[in-house]
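**Student:** The following block contains the structure, expressed as structure tokens.
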Amino acid sequence: MGTGKRHFIITGTSKGIGLQLAELLLAKGEWVYGISRGSSDLLESSEEWSGRYQHVQYDLADLTGIDDLITRILDQIPSQEAEFIGLINNAAMLEPLRPIDQCSAAEISQSLNISLAAPMILSSSFIQHTNHLSARRKIVNLSSGSGTYPAPSMTVYCTSKAGMNMFTQCVSLEQTGKLNPVEIIAFDPGMVDTELQAVARGKSAEEFALSGLFSQVYEAGQLRSPQDVAKQLIERIDEHSDASHVIHSTES
């Protein structure tokens, strides 16, 4: 059990922004608890982090086990010594990338569970099980321009991100005036060079109307690196925030 002062629970740490975020925080001497469906390369270099990284393989589409998952992770944190405990809801599912009448019930359900219902339940459990602590607490929800701008064939993803933005604002209002309020922000990283982008580019124009646009942005070198975004996100975490609006990566 670690006696570190700052602890971060991060979903989707096997790749992309989640992986970069975990690596940067570990390099700073923080403790990180990663959650993803797959295994983690970070574990293999755990020696380097002095055992400060712990990985939990879990499929966030399974909503029923999330409360137990959070309880198990929080049990490993020396709560009386922790100065800061953070939850970063980073995992999301881009697909199905098709018009809604071509999406099955199972696809819609899985995508909304991972991208919206799971972060809501993770946040609920996180707040509930840390309410007795005096540590500073913060939730960061990874947002997207897709939560504001509608796009054809991205209905499920856009809806989940719009829901994430509204969820953030509602929880922020709930926490206002509390004795030790949980800070909560939504962070829009802009267009980032991740696997989600690669999936979008890989679709045919017939299947996904915007695939050409995603390819253009990529070819023009306009995508940001996951590492840059992770650095900026850590700055946002360090700031004391009572902001309930979506913070865009372009904001200084």
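By order in the structure tokens, chains are A, B, ...; within a chain, residues start at 1; ligands start at 1, following the order shown.
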Write out as a PDB file with N, CA, C and O atoms, in the first residue's frame which residues come within 12 Å of Glu174 of chain A when counting only C-alpha atoms, dropping same-chain ones fewer than 3 positions away.

**Tutor:**
```
ATOM      1  N   SER A 124     -20.476   8.779  -9.329  1.00  0.00           N
ATOM      2  CA  SER A 124     -21.393   8.585  -8.202  1.00  0.00           C
ATOM      3  C   SER A 124     -20.707   7.797  -7.084  1.00  0.00           C
ATOM      4  O   SER A 124     -20.713   8.211  -5.914  1.00  0.00           O
ATOM      5  N   ILE A 127     -17.693   9.827  -5.486  1.00  0.00           N
ATOM      6  CA  ILE A 127     -18.120  10.873  -4.546  1.00  0.00           C
ATOM      7  C   ILE A 127     -18.612  10.248  -3.247  1.00  0.00           C
ATOM      8  O   ILE A 127     -18.200  10.627  -2.145  1.00  0.00           O
ATOM      9  N   PHE A 167     -23.956  16.472 -17.600  1.00  0.00           N
ATOM     10  CA  PHE A 167     -23.702  15.756 -16.342  1.00  0.00           C
ATOM     11  C   PHE A 167     -22.710  16.539 -15.476  1.00  0.00           C
ATOM     12  O   PHE A 167     -22.918  16.735 -14.279  1.00  0.00           O
ATOM     13  N   THR A 168     -21.637  17.013 -16.114  1.00  0.00           N
ATOM     14  CA  THR A 168     -20.609  17.782 -15.402  1.00  0.00           C
ATOM     15  C   THR A 168     -21.210  19.026 -14.748  1.00  0.00           C
ATOM     16  O   THR A 168     -20.935  19.325 -13.580  1.00  0.00           O
ATOM     17  N   GLN A 169     -22.043  19.736 -15.496  1.00  0.00           N
ATOM     18  CA  GLN A 169     -22.656  20.964 -14.977  1.00  0.00           C
ATOM     19  C   GLN A 169     -23.610  20.669 -13.811  1.00  0.00           C
ATOM     20  O   GLN A 169     -23.631  21.407 -12.819  1.00  0.00           O
ATOM     21  N   CYS A 170     -24.373  19.601 -13.932  1.00  0.00           N
ATOM     22  CA  CYS A 170     -25.324  19.237 -12.869  1.00  0.00           C
ATOM     23  C   CYS A 170     -24.593  18.866 -11.572  1.00  0.00           C
ATOM     24  O   CYS A 170     -24.976  19.312 -10.489  1.00  0.00           O
ATOM     25  N   VAL A 171     -23.547  18.050 -11.689  1.00  0.00           N
ATOM     26  CA  VAL A 171     -22.807  17.624 -10.497  1.00  0.00           C
ATOM     27  C   VAL A 171     -22.118  18.830  -9.855  1.00  0.00           C
ATOM     28  O   VAL A 171     -22.062  18.947  -8.631  1.00  0.00           O
ATOM     29  N   GLY A 177     -21.425  24.680  -2.362  1.00  0.00           N
ATOM     30  CA  GLY A 177     -21.850  24.910  -0.973  1.00  0.00           C
ATOM     31  C   GLY A 177     -21.590  23.757  -0.029  1.00  0.00           C
ATOM     32  O   GLY A 177     -21.836  23.853   1.175  1.00  0.00           O
ATOM     33  N   LYS A 178     -21.092  22.628  -0.578  1.00  0.00           N
ATOM     34  CA  LYS A 178     -20.747  21.490   0.286  1.00  0.00           C
ATOM     35  C   LYS A 178     -19.506  21.827   1.117  1.00  0.00           C
ATOM     36  O   LYS A 178     -18.707  22.664   0.727  1.00  0.00           O
ATOM     37  N   LEU A 179     -19.355  21.110   2.213  1.00  0.00           N
ATOM     38  CA  LEU A 179     -18.230  21.357   3.122  1.00  0.00           C
ATOM     39  C   LEU A 179     -16.883  21.119   2.421  1.00  0.00           C
ATOM     40  O   LEU A 179     -15.982  21.940   2.485  1.00  0.00           O
ATOM     41  N   ASN A 180     -16.764  19.971   1.758  1.00  0.00           N
ATOM     42  CA  ASN A 180     -15.551  19.681   0.983  1.00  0.00           C
ATOM     43  C   ASN A 180     -16.008  19.285  -0.419  1.00  0.00           C
ATOM     44  O   ASN A 180     -16.054  18.111  -0.766  1.00  0.00           O
ATOM     45  N   PRO A 181     -16.374  20.285  -1.233  1.00  0.00           N
ATOM     46  CA  PRO A 181     -16.967  19.964  -2.531  1.00  0.00           C
ATOM     47  C   PRO A 181     -16.006  19.249  -3.470  1.00  0.00           C
ATOM     48  O   PRO A 181     -14.796  19.501  -3.445  1.00  0.00           O
ATOM     49  N   VAL A 182     -16.546  18.358  -4.284  1.00  0.00           N
ATOM     50  CA  VAL A 182     -15.756  17.705  -5.324  1.00  0.00           C
ATOM     51  C   VAL A 182     -15.687  18.674  -6.499  1.00  0.00           C
ATOM     52  O   VAL A 182     -16.716  19.145  -6.985  1.00  0.00           O
ATOM     53  N   GLU A 183     -14.464  18.990  -6.932  1.00  0.00           N
ATOM     54  CA  GLU A 183     -14.312  19.812  -8.135  1.00  0.00           C
ATOM     55  C   GLU A 183     -14.610  18.910  -9.334  1.00  0.00           C
ATOM     56  O   GLU A 183     -14.192  17.755  -9.364  1.00  0.00           O
ATOM     57  N   ILE A 184     -15.336  19.446 -10.316  1.00  0.00           N
ATOM     58  CA  ILE A 184     -15.608  18.643 -11.507  1.00  0.00           C
ATOM     59  C   ILE A 184     -15.524  19.531 -12.738  1.00  0.00           C
ATOM     60  O   ILE A 184     -16.063  20.629 -12.757  1.00  0.00           O
ATOM     61  N   ASP A 242     -13.751  25.817  -9.912  1.00  0.00           N
ATOM     62  CA  ASP A 242     -15.168  25.628  -9.605  1.00  0.00           C
ATOM     63  C   ASP A 242     -15.942  25.757 -10.909  1.00  0.00           C
ATOM     64  O   ASP A 242     -17.134  25.988 -10.933  1.00  0.00           O
ATOM     65  N   SER A 244     -17.889  24.908 -14.139  1.00  0.00           N
ATOM     66  CA  SER A 244     -18.772  23.817 -14.549  1.00  0.00           C
ATOM     67  C   SER A 244     -18.947  23.845 -16.067  1.00  0.00           C
ATOM     68  O   SER A 244     -19.676  23.064 -16.623  1.00  0.00           O
TER      69      SER A 244
END
```

**Student:** If DSSP is run on the backbone, what residues of segment 59-245 of chain A are strand (DSSP E)? A reply as a list in words would be ideal.

**Tutor:**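 Assigned to strand (DSSP E), within segment 59-245 of chain A: Phe84, Ile85, Gly86, Leu87, Ile88, Asn89, Arg136, Arg137, Lys138, Ile139, Val140, Asn141, Leu142, Glu183, Ile184, Ile185, Ala186, Phe187 and Asp188 of chain A.
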
**Student:** Could you work out how far atom CA of Leu24 of chain A lies from atom CA of Cys158 of chain A, giving the answer in Å with one decimal?

**Tutor:**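 Taking atom CA of Cys158 of chain A as the start and atom CA of Leu24 of chain A as the end point, the length is 28.6 Å.
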
**Student:** Would you please extract all alpha helix (DSSP H) residues from segment 18-246 of chain A, as assigned by DSSP on the backbone, and give them as a VMD selection string?

**Tutor:** chain A and resid 18 to 27 41 to 44 66 to 75 105 to 112 118 to 130 155 to 175 195 to 201 211 to 219 226 to 238

**Student:** To one decimal place, how far is atom CA of Met154 of chain A from atom CA of Arg224 of chain A in Å?

**Tutor:**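 It comes out at 20.9 Å.
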
**Student:** Would you pick out the contacts of Ile77 of chain A at 12 Å or less, using only C-alpha atoms, so that residues sharing its chain but fewer than 3 positions from it are not included, and give the list as a ChimeraX atom specification?

**Tutor:** /A:1-9,30-33,52-54,70-74,80-86,129-130,133,135

**Student:** Any idea what the distance is between atom CA of Thr11 of chain A and atom CA of Phe208 of chain A?

**Tutor:**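 Between atom CA of Thr11 of chain A and atom CA of Phe208 of chain A the gap works out to 27.2 Å.
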
**Student:** Find the residues around Gln227 of chain A up to 9 Å (only C-alpha atoms counted), leave out those fewer than 5 positions away in its own chain, and share them as a list in words.

**Tutor:** Gly16, Ile17, Leu19, Gln20, Leu21, Leu24 and Gln232 of chain A

**Student:** For each of A:Asn165, A:Gln110, A:Ser146, A:Ser115, take the minimum atom-to-atom distance to Ala91 of chain A, counting only C-alpha atoms, then give the residue where this is smallest.

**Tutor:** A:Ser115

**Student:** Can you pull out the residues contacting Glu239 of chain A? Cut-off 12 Å, using only C-alpha atoms, and skip same-chain residues under 4 positions away; I want them as number ranges by chain.

**Tutor:** A: 136, 138, 140, 183-185, 232-235, 243

**Student:** Take the selection from the previous step and output its residues with N, CA, C and O atoms, as an mmCIF file, in the first residue's frame.

**Tutor:**
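Result file out_1.cif:
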```cif
data_model
loop_
_atom_site.group_PDB
_atom_site.id
_atom_site.type_symbol
_atom_site.label_atom_id
_atom_site.label_comp_id
_atom_site.auth_asym_id
_atom_site.auth_seq_id
_atom_site.Cartn_x
_atom_site.Cartn_y
_atom_site.Cartn_z
ATOM 1 N N ARG A 136 -8.533 16.732 -0.976
ATOM 2 C CA ARG A 136 -9.087 17.435 -2.129
ATOM 3 C C ARG A 136 -9.487 16.380 -3.158
ATOM 4 O O ARG A 136 -8.755 15.415 -3.399
ATOM 5 N N LYS A 138 -11.241 15.610 -7.134
ATOM 6 C CA LYS A 138 -11.537 16.238 -8.427
ATOM 7 C C LYS A 138 -11.919 15.178 -9.456
ATOM 8 O O LYS A 138 -11.295 14.115 -9.516
ATOM 9 N N VAL A 140 -12.441 14.725 -13.598
ATOM 10 C CA VAL A 140 -12.249 15.312 -14.923
ATOM 11 C C VAL A 140 -12.950 14.424 -15.943
ATOM 12 O O VAL A 140 -12.645 13.226 -16.045
ATOM 13 N N GLU A 183 -14.464 18.990 -6.932
ATOM 14 C CA GLU A 183 -14.312 19.812 -8.135
ATOM 15 C C GLU A 183 -14.610 18.910 -9.334
ATOM 16 O O GLU A 183 -14.192 17.755 -9.364
ATOM 17 N N ILE A 184 -15.336 19.446 -10.316
ATOM 18 C CA ILE A 184 -15.608 18.643 -11.507
ATOM 19 C C ILE A 184 -15.524 19.531 -12.738
ATOM 20 O O ILE A 184 -16.063 20.629 -12.757
ATOM 21 N N ILE A 185 -14.767 19.086 -13.727
ATOM 22 C CA ILE A 185 -14.651 19.839 -14.978
ATOM 23 C C ILE A 185 -14.799 18.886 -16.168
ATOM 24 O O ILE A 185 -14.540 17.682 -16.058
ATOM 25 N N GLN A 232 -1.381 19.374 -20.804
ATOM 26 C CA GLN A 232 -2.314 20.472 -20.574
ATOM 27 C C GLN A 232 -3.375 20.081 -19.552
ATOM 28 O O GLN A 232 -3.783 20.884 -18.713
ATOM 29 N N LEU A 233 -3.790 18.832 -19.629
ATOM 30 C CA LEU A 233 -4.815 18.334 -18.705
ATOM 31 C C LEU A 233 -4.292 18.324 -17.270
ATOM 32 O O LEU A 233 -5.021 18.677 -16.330
ATOM 33 N N ILE A 234 -3.017 17.965 -17.096
ATOM 34 C CA ILE A 234 -2.426 17.965 -15.749
ATOM 35 C C ILE A 234 -2.414 19.388 -15.170
ATOM 36 O O ILE A 234 -2.673 19.590 -13.990
ATOM 37 N N GLU A 235 -2.167 20.371 -16.032
ATOM 38 C CA GLU A 235 -2.229 21.775 -15.578
ATOM 39 C C GLU A 235 -3.632 22.118 -15.081
ATOM 40 O O GLU A 235 -3.809 22.815 -14.084
ATOM 41 N N ALA A 243 -15.192 25.618 -12.022
ATOM 42 C CA ALA A 243 -15.813 25.789 -13.337
ATOM 43 C C ALA A 243 -16.698 24.600 -13.672
ATOM 44 O O ALA A 243 -16.313 23.458 -13.492
#
```

**Student:** Identify which of the residues A:Leu25, A:Leu112, A:Met93, A:Leu142 lies closest to Leu42 of chain A, counting only C-alpha atoms when measuring atom-to-atom distances.

**Tutor:**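 Answer, going by the shortest atom-to-atom distance: A:Leu25.
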
**Student:** Return the single residue from A:Ser153, A:Ser160, A:Gln102, A:Asn90 that is closest to Asn141 of chain A, with distances computed using only C-alpha atoms.

**Tutor:**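 Smallest distance to Asn141 of chain A is found for A:Asn90.
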
**Student:** Considering only C-alpha atoms, can you say which of A:Ser36, A:Thr64, A:Asn131, A:Ser109 comes closest to Gln175 of chain A?

**Tutor:**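 Closest to Gln175 of chain A of all the choices is A:Asn131.
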
**Student:** With only C-alpha atoms as the atoms that count, which of A:Val156, A:Ala200, A:Leu87, A:Lys161 lies nearest to Ala105 of chain A?

**Tutor:** A:Val156
